[in-house]
Each structure stands twice: as structure tokens, then as C-alpha cells.
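See below for the structure under consideration.
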Amino acid sequence: MKDISDSGFSTDCHKASIMQFDRAADMMELDGELRQWLNTSFRELSVRIPVTMDDGCVRVFSGYRVQHNNVRGPHKGGLRYHPGVSLGDIRGLAAWMTWKCALLDLPLGGAKGGITCNPKEMSSGELERLTREYIHGISDLIGPSKDIPAPDINTNARIMGWIMDEYSRRQGYSPGVVTGKPIELGGSPGREDATGKGVSMIVSRWAEKENRRLDQTSAAVQGFGNVGYHAAFHLSRLGCKIVAVSDSTTGIINKDGLDVEAAGRYKKDNGSLSGFVGGETVDQSEVLTSKCDYLIPSALQNAIHGGNLEKLQARVIFEAANGPICPYTEPKLPERGITVLPDILVNGGGVTVSYFEWVQNIQHFQWKDETIQIELQAVMYRAFDKVIALAEKRNISYRNAAYILAIDKVVQAGHLRGIYKSRS
Ligand code: GLU
């Protein structure tokens with residue numbers, strides 16, 4: 001969703017991704033044509049999706065699939081269902097997937113899809129018809145070696161199962177066309193909580209770097225969907241005190257530490273955190289500015305902006321969401337003594353286990369959960385260590401370091417494939 005920064009500009013994810021890319025590209029002294037190749041989508045598709053609703057009327061929805069770059073492997077990225085979805089946001093989110101996969105060294109490119117809809121007001125049957133019709137619209141573009149969708153905001157294993165079925169009806173059994181599927185349909189152990197688990201790995205690696213024990217730290221988690229809940233759950237299991245959580249309806253603060261599992265159960269039974277009594281009820285915006293060591297925005301883009309910058313109390317922000325910091329606000333965070341660990345690193349656990357799922361589908365062989373956890377940790381720690389080392393060596397932000405590492409990988413692959421010819 002859009003937000004107005006303190007400089008008065010409205011930013012969508014595309015604008016934010018370009019601003020972040022440009023800061024790193026300037027440091028790398030990339031030339032103009034190379035920038036243009038890296039900065040623009042390979043392909044963008046808009047589809048009209050007519051759906052017969054339960055009351056018999058037909059509604060037409062807008063859907064998108066943007067493929068940003070596939071020089072290092074097939075396009076990869078989630079599918080988002082939200083009333084605020086726009087082509088501009090999907091375009092930026094697709095670019096972020098390219099940089100995320102490159103930084104994590106997964107042999108995948110970047111893509112993103114979205115449908116402008118409110119899934120909270122739709123029945124399961126309506127969602128199924130919407131999903132199948134969307135896949136009908138984009139089926140020529142996707143495939144196990146072309147473009148592989150996955151869950152994102154408001155999409156889940158059930159929806160991925162429909163995608164697998166709809167594609168397989170046309171092309172023959174193809175579990176590798178989509179990740180985040182139910183285990184029974186070729187999904188991977190550990191995929192559901194992978195993004196949140198990965199966040200907890202990055203936070204604990206950071207605490208280790210700061211010479212702090214996690215049981216001496218506190219965290220506030222904004223967003224209590226798949227990412228926020230699992231991040232809070234795994235962090236609390238590691239001893240970190242979760243002092244505030246929020247969803248789109250309310251915020252809950254408890255300075256002694258919340259019972260994350262009880263909050264999760266409450267949300268599952270009641271549909272939201274509203275009415276949960278495990279702490280003081282506050283407006284959800286107060287969770288972002290609550291007193292904590294680590295702030296973990298896990299919902300939509302632009303949650304942190306000029307309007308709440310001065311009130312932030314956390315020392316470190318871990319971007320579990322994609323793009324939660326307005327790009328105009330970000331340069332002001334160091335003055336406030338706030339460090340940022342960027343999204344393309346912090347939330348990379350989801351696409352990493354998606355990659356493992358895709359590999360298992362190609363092998364037609366299921367790995368053990370233990371193997372997934374060991375390999376996930378190896379990928380997350382390796383990327384974290386590389387980002388920290390480069391940032392310290394060049395005295396630059398962690399985001400710039402992450403982008404430089406990622407862009408460099410894509411540029412190298414482009415040169416080697418001959419897609420982009422260097423001038424020299
Ligand atoms: N939607 C997730 C992300 O933004 C996961 C994408 C995937 O698994 O392909 O990273």
C-alpha cells in the first residue's frame with residue numbers, strides 16, 4: 001500500500017526498489033545501459049480475471065505477473081492477494097526477488113504476481129475460481145523451468161495446490177511449477193514456517209555478533225500473518241522476549257513477554273488478534289514505536305516512514321516484510337542510531353526452502369526436515385556473513401552491501417551468458 005513520506009512523495013515498491021538499486025549501482029559505478037538492463041522488468045503481464053461469485057454475479061478482477069530477470073535461473077517469486085495490489089508494487093517486488101535469490105546464491109531469478117482483491121471477503125470457492133482463472137491467464141508464462149510462483153501475503157498452501165492442479169491439467173503432472181504446496185502434493189517439510197524461521201536465524205546471528213544472548217533481548221513484531229507469527233514463535237523459543245505484536249486490527253504490548261503460541265491460537269480461532277487478553281491493547285501503529293531492542297516489521301511496505309521515524313525506539317530493524325521502510329526515510333535512520341538489516345537478506349528463508357522444494361520436485365524425492373533445517377541455516381548464515389563482511393570492509397550500510405553482492409552476481413552471469421556484453 002502507498003504511504004506518503006516526510007518529503008511528500010508517494011512511493012510504491014517499484015520506486016523504492018529503483019532508489020535502493022541506484023544507491024548501490026552508484027557505488028559500483030555501473031554504466032547506464034547495464035543499469036537499464038538490471039532496472040527494468042523482462043516481461044509484465046496484466047490479466048483480467050472474470051469470476052462467478054457465490055451469488056451468481058460476475059466480478060472482474062485485475063491480476064499481474066511481472067518477470068524481472070532470469071539470467072541466473074527461472075523466474076521465482078510469490079503471488080499476493082490484497083486490495084492494494086498495483087502493477088507498480090508487483091514490479092518492485094519482482095526486482096527484489098532477483099536480488100534476494102542472487103544474494104542467497106540460489107539458481108533462480110526474480111518475479112512476482114498479484115491480484116487486486118480482498119480475500120478476507122471471499123469464500124473458498126470464489127478464491128479457487130479466482131486462482132484457476134488467473135493461472136489460465138498466465139499459464140504460457142509459468143512452468144518449472146520458466147517461472148515458479150509461491151505464497152506471499154494472503155496466499156497459502158491450499159492456493160498453491162490449486163495452481164499445481166490447474167497447470168498440471170494442461171501440461172501433465174508438474175509439481176515443480178509452484179512451491180509452498182501442501183506436503184501431500186509435493187510440498188516440502190519446513191516450507192510453511194521457513195520465512196519466519198529464517199528471520200529468527202538472522203536475528204540470532206546478529207545477537208551473536210553483538211555478543212548478546214538472545215534471552216537478554218526483546219523484540220516487537222508488526223504483522224501476525226505467516227511471517228510475523230513464525231518469526232515471533234521461533235524467536236520466543238530461542239529465548240527472545242516478544243514484547244509487542246500487531247495485526248491489521250490491533251496491537252498488543254506486554255513488557256514481560258507475550259505468550260506467542262496463545263496469541264497464534266487466538267488469531268486462528270477468532271480471525272484476528274482483536275480481543276486477545278495476553279497484554280495491553282493498543283493501536284497497531286504503537287507496536288512499531290514500542291520499546292524493544294529489535295523491531296521486526298512483517299506486514300506491508302512503507303510501514304516505517306517520516307511520520308513515525310522520530311518515535312522509533314528499537315536499535316535494530318530486521319525487515320521481515322518486503323520494503324517495510326520508506327526509501328526517503330531510510331537515510332535518516334543512522335542519525336537516530338538505528339541499524340537496518342535488509343529484506344533481501346532477512347526474509348530470504350521462504351524462497352530458500354522454496355528452492356529446496358523445487359529441487360525435491362525435480363528429483364521426485366523428499367528430503368528430511370532435518371536436512372532442510374541444516375541447509376536453510378547454511379544459506380542464511382553464509383549470506384549474512386558476506387553482507388556483514390562487505391559492509392564493514394567498505395563502511396557502507398548493510399542494504400548497500402547486500403545489493404552490491406547481489407547485483408554483482410547477476411552482472412557476472414549476464415556477461416558469461418552473453419546477454420549483456422561488456423564494453424571492454
Ligand atoms: N513471497 C516470498 C518472498 O517474498 C517467497 C517467494 C518464493 O518462495 O518464491 O520472498
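Starting from 1 in every chain, residues are counted up; chains themselves are A, B, ... following the order of the C-alpha cells, and ligands are numbered from 1 as listed.
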* To do: Report as a list in words: the residues of region 107-227 of chain A with a DSSP assignment of strand (DSSP E), based on the backbone of this structure.
  => Gly110, Ala111, Lys112, Gly113, Gly114, Ile115, Thr116, Asp147, Ile148, Ser218, Ala219, Ala220, Val221 and Gln222 of chain A
Just write the chosen residues, N, CA and C atoms, as a CSV table (one decimal), in the first residue's frame.
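Written out: again-v9.csv:
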chain,number,residue,atom,x,y,z
A,110,GLY,N,14.0,-13.5,-10.7
A,110,GLY,CA,13.0,-12.8,-9.8
A,110,GLY,C,11.7,-12.6,-10.6
A,111,ALA,N,10.6,-12.8,-9.9
A,111,ALA,CA,9.3,-12.5,-10.4
A,111,ALA,C,8.3,-12.2,-9.3
A,112,LYS,N,7.2,-11.7,-9.6
A,112,LYS,CA,6.1,-11.5,-8.5
A,112,LYS,C,4.8,-11.5,-9.2
A,113,GLY,N,3.8,-12.0,-8.5
A,113,GLY,CA,2.4,-11.9,-9.1
A,113,GLY,C,1.5,-11.3,-8.0
A,114,GLY,N,0.3,-10.8,-8.5
A,114,GLY,CA,-0.6,-10.3,-7.5
A,114,GLY,C,-2.0,-10.2,-8.2
A,115,ILE,N,-3.0,-10.2,-7.3
A,115,ILE,CA,-4.4,-10.0,-7.8
A,115,ILE,C,-5.0,-8.9,-6.8
A,116,THR,N,-5.6,-7.9,-7.4
A,116,THR,CA,-6.2,-6.8,-6.6
A,116,THR,C,-7.6,-7.4,-6.1
A,147,ASP,N,9.0,-20.0,-14.8
A,147,ASP,CA,8.6,-19.1,-13.7
A,147,ASP,C,7.8,-19.9,-12.7
A,148,ILE,N,8.2,-19.8,-11.4
A,148,ILE,CA,7.6,-20.7,-10.4
A,148,ILE,C,7.0,-19.8,-9.3
A,218,SER,N,14.8,-8.2,23.5
A,218,SER,CA,13.4,-8.1,23.3
A,218,SER,C,13.1,-7.7,21.9
A,219,ALA,N,11.9,-8.1,21.4
A,219,ALA,CA,11.6,-7.8,20.0
A,219,ALA,C,10.1,-7.4,19.9
A,220,ALA,N,9.8,-6.5,19.0
A,220,ALA,CA,8.4,-6.2,18.7
A,220,ALA,C,8.2,-6.6,17.2
A,221,VAL,N,7.0,-7.3,17.0
A,221,VAL,CA,6.8,-7.9,15.7
A,221,VAL,C,5.5,-7.2,15.1
A,222,GLN,N,5.6,-6.5,14.0
A,222,GLN,CA,4.4,-5.9,13.4
A,222,GLN,C,4.0,-6.8,12.3
* Asked: Please, which residues have at least one atom within 9 Å of an atom of ligand 1, using only C-alpha atoms and all ligand atoms, listed as number ranges by chain?
  -> A: 75-80, 93-94, 96-97, 100-101, 110-112, 148-153, 178-180, 191, 195, 321-322, 343-344, 347-355
Generate a file of the selected residues that holds N, CA and C atoms, formatted as a CSV table (one decimal), in the first residue's frame.
chain,number,residue,atom,x,y,z
A,75,HIS,N,12.5,-17.6,-13.4
A,75,HIS,CA,11.9,-16.5,-12.6
A,75,HIS,C,11.3,-17.2,-11.3
A,76,LYS,N,11.4,-16.5,-10.2
A,76,LYS,CA,10.8,-17.1,-9.0
A,76,LYS,C,10.2,-16.0,-8.1
A,77,GLY,N,9.1,-16.2,-7.5
A,77,GLY,CA,8.5,-15.2,-6.6
A,77,GLY,C,7.1,-15.5,-6.3
A,78,GLY,N,6.6,-14.9,-5.2
A,78,GLY,CA,5.3,-15.2,-4.7
A,78,GLY,C,4.1,-14.6,-5.5
A,79,LEU,N,3.0,-14.9,-5.0
A,79,LEU,CA,1.7,-14.4,-5.5
A,79,LEU,C,0.9,-13.8,-4.4
A,80,ARG,N,0.6,-12.5,-4.5
A,80,ARG,CA,0.0,-11.7,-3.4
A,80,ARG,C,-1.5,-11.4,-3.7
A,93,LEU,N,8.4,-5.6,-6.3
A,93,LEU,CA,8.6,-6.8,-5.6
A,93,LEU,C,9.3,-7.9,-6.4
A,94,ALA,N,9.1,-7.8,-7.8
A,94,ALA,CA,9.7,-8.8,-8.7
A,94,ALA,C,11.2,-8.5,-8.7
A,96,TRP,N,13.0,-7.2,-6.3
A,96,TRP,CA,13.5,-7.6,-5.0
A,96,TRP,C,13.8,-9.1,-5.0
A,97,MET,N,13.0,-9.9,-5.7
A,97,MET,CA,13.2,-11.3,-5.8
A,97,MET,C,14.5,-11.7,-6.5
A,100,LYS,N,17.2,-10.9,-4.1
A,100,LYS,CA,17.2,-11.9,-3.0
A,100,LYS,C,17.8,-13.2,-3.4
A,101,CYS,N,17.4,-13.7,-4.5
A,101,CYS,CA,17.9,-15.0,-5.0
A,101,CYS,C,19.4,-15.0,-5.3
A,110,GLY,N,14.0,-13.5,-10.7
A,110,GLY,CA,13.0,-12.8,-9.8
A,110,GLY,C,11.7,-12.6,-10.6
A,111,ALA,N,10.6,-12.8,-9.9
A,111,ALA,CA,9.3,-12.5,-10.4
A,111,ALA,C,8.3,-12.2,-9.3
A,112,LYS,N,7.2,-11.7,-9.6
A,112,LYS,CA,6.1,-11.5,-8.5
A,112,LYS,C,4.8,-11.5,-9.2
A,148,ILE,N,8.2,-19.8,-11.4
A,148,ILE,CA,7.6,-20.7,-10.4
A,148,ILE,C,7.0,-19.8,-9.3
A,149,PRO,N,5.7,-19.7,-9.2
A,149,PRO,CA,5.0,-18.9,-8.2
A,149,PRO,C,5.1,-19.6,-6.8
A,150,ALA,N,4.7,-18.9,-5.8
A,150,ALA,CA,4.8,-19.3,-4.4
A,150,ALA,C,3.9,-18.5,-3.5
A,151,PRO,N,3.7,-18.8,-2.3
A,151,PRO,CA,2.9,-17.9,-1.4
A,151,PRO,C,3.5,-16.6,-1.1
A,152,ASP,N,2.6,-15.6,-0.9
A,152,ASP,CA,3.0,-14.3,-0.4
A,152,ASP,C,1.9,-13.8,0.5
A,153,ILE,N,1.7,-12.5,0.6
A,153,ILE,CA,0.6,-12.0,1.5
A,153,ILE,C,-0.8,-12.6,1.1
A,178,VAL,N,5.1,-24.8,-9.0
A,178,VAL,CA,4.8,-23.8,-7.9
A,178,VAL,C,5.4,-24.4,-6.6
A,179,THR,N,5.8,-23.5,-5.7
A,179,THR,CA,6.3,-24.0,-4.4
A,179,THR,C,5.4,-23.5,-3.3
A,180,GLY,N,5.6,-24.1,-2.1
A,180,GLY,CA,4.7,-23.7,-1.0
A,180,GLY,C,3.4,-24.6,-1.0
A,191,ARG,N,8.5,-25.7,4.8
A,191,ARG,CA,8.3,-24.5,3.9
A,191,ARG,C,7.4,-23.5,4.6
A,195,THR,N,10.0,-18.7,6.2
A,195,THR,CA,10.4,-17.2,6.2
A,195,THR,C,10.6,-16.8,7.7
A,321,ALA,N,9.3,-8.1,6.3
A,321,ALA,CA,8.4,-7.8,5.2
A,321,ALA,C,9.3,-7.4,4.0
A,322,ASN,N,8.7,-7.3,2.8
A,322,ASN,CA,9.4,-6.7,1.7
A,322,ASN,C,9.2,-5.2,1.7
A,343,ASP,N,15.6,-6.5,3.9
A,343,ASP,CA,14.7,-7.6,3.5
A,343,ASP,C,15.3,-8.7,2.6
A,344,ILE,N,16.1,-8.3,1.6
A,344,ILE,CA,16.5,-9.4,0.7
A,344,ILE,C,17.4,-10.4,1.4
A,347,ASN,N,14.4,-11.8,5.0
A,347,ASN,CA,13.2,-12.7,4.7
A,347,ASN,C,13.5,-13.8,3.7
A,348,GLY,N,14.8,-14.0,3.4
A,348,GLY,CA,15.2,-15.0,2.4
A,348,GLY,C,14.9,-16.4,2.7
A,349,GLY,N,14.5,-16.8,3.9
A,349,GLY,CA,14.3,-18.2,4.3
A,349,GLY,C,13.2,-18.8,3.5
A,350,GLY,N,12.1,-18.0,3.1
A,350,GLY,CA,11.0,-18.5,2.4
A,350,GLY,C,11.4,-19.0,1.0
A,351,VAL,N,12.1,-18.2,0.3
A,351,VAL,CA,12.4,-18.6,-1.1
A,351,VAL,C,13.5,-19.7,-1.0
A,352,THR,N,14.3,-19.7,0.0
A,352,THR,CA,15.4,-20.7,0.1
A,352,THR,C,14.7,-22.1,0.2
A,353,VAL,N,13.7,-22.2,1.1
A,353,VAL,CA,13.0,-23.5,1.2
A,353,VAL,C,12.2,-23.8,0.0
A,354,SER,N,11.7,-22.7,-0.7
A,354,SER,CA,11.0,-22.9,-2.0
A,354,SER,C,12.0,-23.6,-3.0
A,355,TYR,N,13.2,-23.1,-2.9
A,355,TYR,CA,14.2,-23.7,-3.8
A,355,TYR,C,14.4,-25.1,-3.5
* Skipping near chain neighbours, those fewer than 4 positions away, what residues fall within 10 Å of Gly414 (chain A) using only C-alpha atoms, listed as a PyMOL selection string? -> chain A and resi 34+37-38+70-72+408-410+418-422
* To do: Give me the residues within 6 Å of region 162-176 of chain A as JSON, numbers by chain, counting only C-alpha atoms and dropping any in the same chain fewer than 6 places off.
  => {"A": [144, 358, 361]}
Can I get the selected residues back with C-alpha atoms, as a PDB file, in the first residue's frame?
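File produced: selection26.pdb:
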ATOM      1  CA  PRO A 144       9.142 -25.487 -13.674  1.00  0.00           C
ATOM      2  CA  TRP A 358      11.642 -27.241  -6.348  1.00  0.00           C
ATOM      3  CA  ASN A 361      10.127 -31.961  -7.095  1.00  0.00           C
TER       4      ASN A 361
END
* Write out as a PyMOL selection string the residues lying within 9 Å of region 286-295 of chain A, counting only C-alpha atoms and excluding same-chain residues fewer than 4 positions away. => chain A and resi 203+217-222+242-246+251-253+255+282+303-304+308-319
* Can you tell me, as a VMD selection string, what residues are no more than 12 Å from Phe356 (chain A) when counting only C-alpha atoms, ignoring any on the same chain fewer than 5 positions away? -> chain A and resid 106 to 108 176 178 to 180 186 to 191 194 349 to 351 361 to 369 371 to 376 379
Write the residues of the preceding selection, restricted to N, CA and C atoms, as a CSV table (one decimal), in the first residue's frame.
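Just written: again_11.csv:
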chain,number,residue,atom,x,y,z
A,106,LEU,N,20.9,-18.7,-4.8
A,106,LEU,CA,20.0,-19.7,-5.3
A,106,LEU,C,20.0,-19.5,-6.8
A,107,PRO,N,19.9,-20.6,-7.6
A,107,PRO,CA,20.0,-20.5,-9.0
A,107,PRO,C,18.6,-20.2,-9.6
A,108,LEU,N,18.1,-19.0,-9.2
A,108,LEU,CA,16.8,-18.6,-9.6
A,108,LEU,C,16.8,-17.1,-9.9
A,176,GLY,N,6.7,-29.1,-9.8
A,176,GLY,CA,7.7,-28.1,-9.8
A,176,GLY,C,7.3,-26.7,-10.4
A,178,VAL,N,5.1,-24.8,-9.0
A,178,VAL,CA,4.8,-23.8,-7.9
A,178,VAL,C,5.4,-24.4,-6.6
A,179,THR,N,5.8,-23.5,-5.7
A,179,THR,CA,6.3,-24.0,-4.4
A,179,THR,C,5.4,-23.5,-3.3
A,180,GLY,N,5.6,-24.1,-2.1
A,180,GLY,CA,4.7,-23.7,-1.0
A,180,GLY,C,3.4,-24.6,-1.0
A,186,GLY,N,3.5,-32.7,-2.9
A,186,GLY,CA,4.9,-32.5,-3.2
A,186,GLY,C,5.5,-31.2,-2.6
A,187,GLY,N,4.8,-30.7,-1.6
A,187,GLY,CA,5.3,-29.6,-0.8
A,187,GLY,C,6.5,-30.1,0.1
A,188,SER,N,7.3,-29.1,0.6
A,188,SER,CA,8.5,-29.5,1.4
A,188,SER,C,8.2,-29.4,2.9
A,189,PRO,N,8.8,-30.3,3.6
A,189,PRO,CA,8.9,-30.1,5.1
A,189,PRO,C,9.5,-28.7,5.3
A,190,GLY,N,9.0,-28.0,6.3
A,190,GLY,CA,9.7,-26.8,6.7
A,190,GLY,C,9.4,-25.6,5.8
A,191,ARG,N,8.5,-25.7,4.8
A,191,ARG,CA,8.3,-24.5,3.9
A,191,ARG,C,7.4,-23.5,4.6
A,194,ALA,N,9.2,-21.3,6.9
A,194,ALA,CA,10.6,-21.0,6.5
A,194,ALA,C,10.9,-19.6,6.6
A,349,GLY,N,14.5,-16.8,3.9
A,349,GLY,CA,14.3,-18.2,4.3
A,349,GLY,C,13.2,-18.8,3.5
A,350,GLY,N,12.1,-18.0,3.1
A,350,GLY,CA,11.0,-18.5,2.4
A,350,GLY,C,11.4,-19.0,1.0
A,351,VAL,N,12.1,-18.2,0.3
A,351,VAL,CA,12.4,-18.6,-1.1
A,351,VAL,C,13.5,-19.7,-1.0
A,361,ASN,N,11.1,-31.6,-6.1
A,361,ASN,CA,10.1,-32.0,-7.1
A,361,ASN,C,10.8,-32.5,-8.4
A,362,ILE,N,11.9,-31.8,-8.7
A,362,ILE,CA,12.7,-32.3,-9.9
A,362,ILE,C,13.3,-33.7,-9.7
A,363,GLN,N,13.7,-33.9,-8.4
A,363,GLN,CA,14.3,-35.2,-8.1
A,363,GLN,C,13.2,-36.3,-7.8
A,364,HIS,N,12.0,-35.8,-7.6
A,364,HIS,CA,10.9,-36.7,-7.2
A,364,HIS,C,11.3,-37.5,-5.9
A,365,PHE,N,11.9,-36.8,-5.0
A,365,PHE,CA,12.4,-37.4,-3.8
A,365,PHE,C,12.2,-36.4,-2.6
A,366,GLN,N,11.7,-36.9,-1.5
A,366,GLN,CA,11.5,-35.9,-0.4
A,366,GLN,C,12.6,-35.9,0.7
A,367,TRP,N,13.2,-34.7,1.0
A,367,TRP,CA,14.2,-34.6,2.0
A,367,TRP,C,13.6,-34.7,3.4
A,368,LYS,N,14.5,-35.0,4.3
A,368,LYS,CA,14.0,-35.0,5.7
A,368,LYS,C,14.0,-33.5,6.2
A,369,ASP,N,13.1,-33.3,7.2
A,369,ASP,CA,13.0,-31.9,7.8
A,369,ASP,C,14.4,-31.5,8.3
A,371,THR,N,17.3,-32.2,7.2
A,371,THR,CA,18.2,-31.7,6.1
A,371,THR,C,17.8,-30.3,5.7
A,372,ILE,N,16.5,-30.1,5.6
A,372,ILE,CA,16.0,-28.7,5.3
A,372,ILE,C,16.6,-27.7,6.3
A,373,GLN,N,16.5,-28.0,7.6
A,373,GLN,CA,16.9,-27.0,8.6
A,373,GLN,C,18.4,-26.7,8.5
A,374,ILE,N,19.2,-27.8,8.3
A,374,ILE,CA,20.6,-27.6,8.2
A,374,ILE,C,21.0,-26.8,7.0
A,375,GLU,N,20.4,-27.1,5.9
A,375,GLU,CA,20.7,-26.4,4.6
A,375,GLU,C,20.2,-25.0,4.7
A,376,LEU,N,19.0,-24.8,5.3
A,376,LEU,CA,18.5,-23.4,5.4
A,376,LEU,C,19.4,-22.5,6.2
A,379,VAL,N,22.5,-21.5,4.2
A,379,VAL,CA,22.3,-20.5,3.3
A,379,VAL,C,22.2,-19.1,4.0
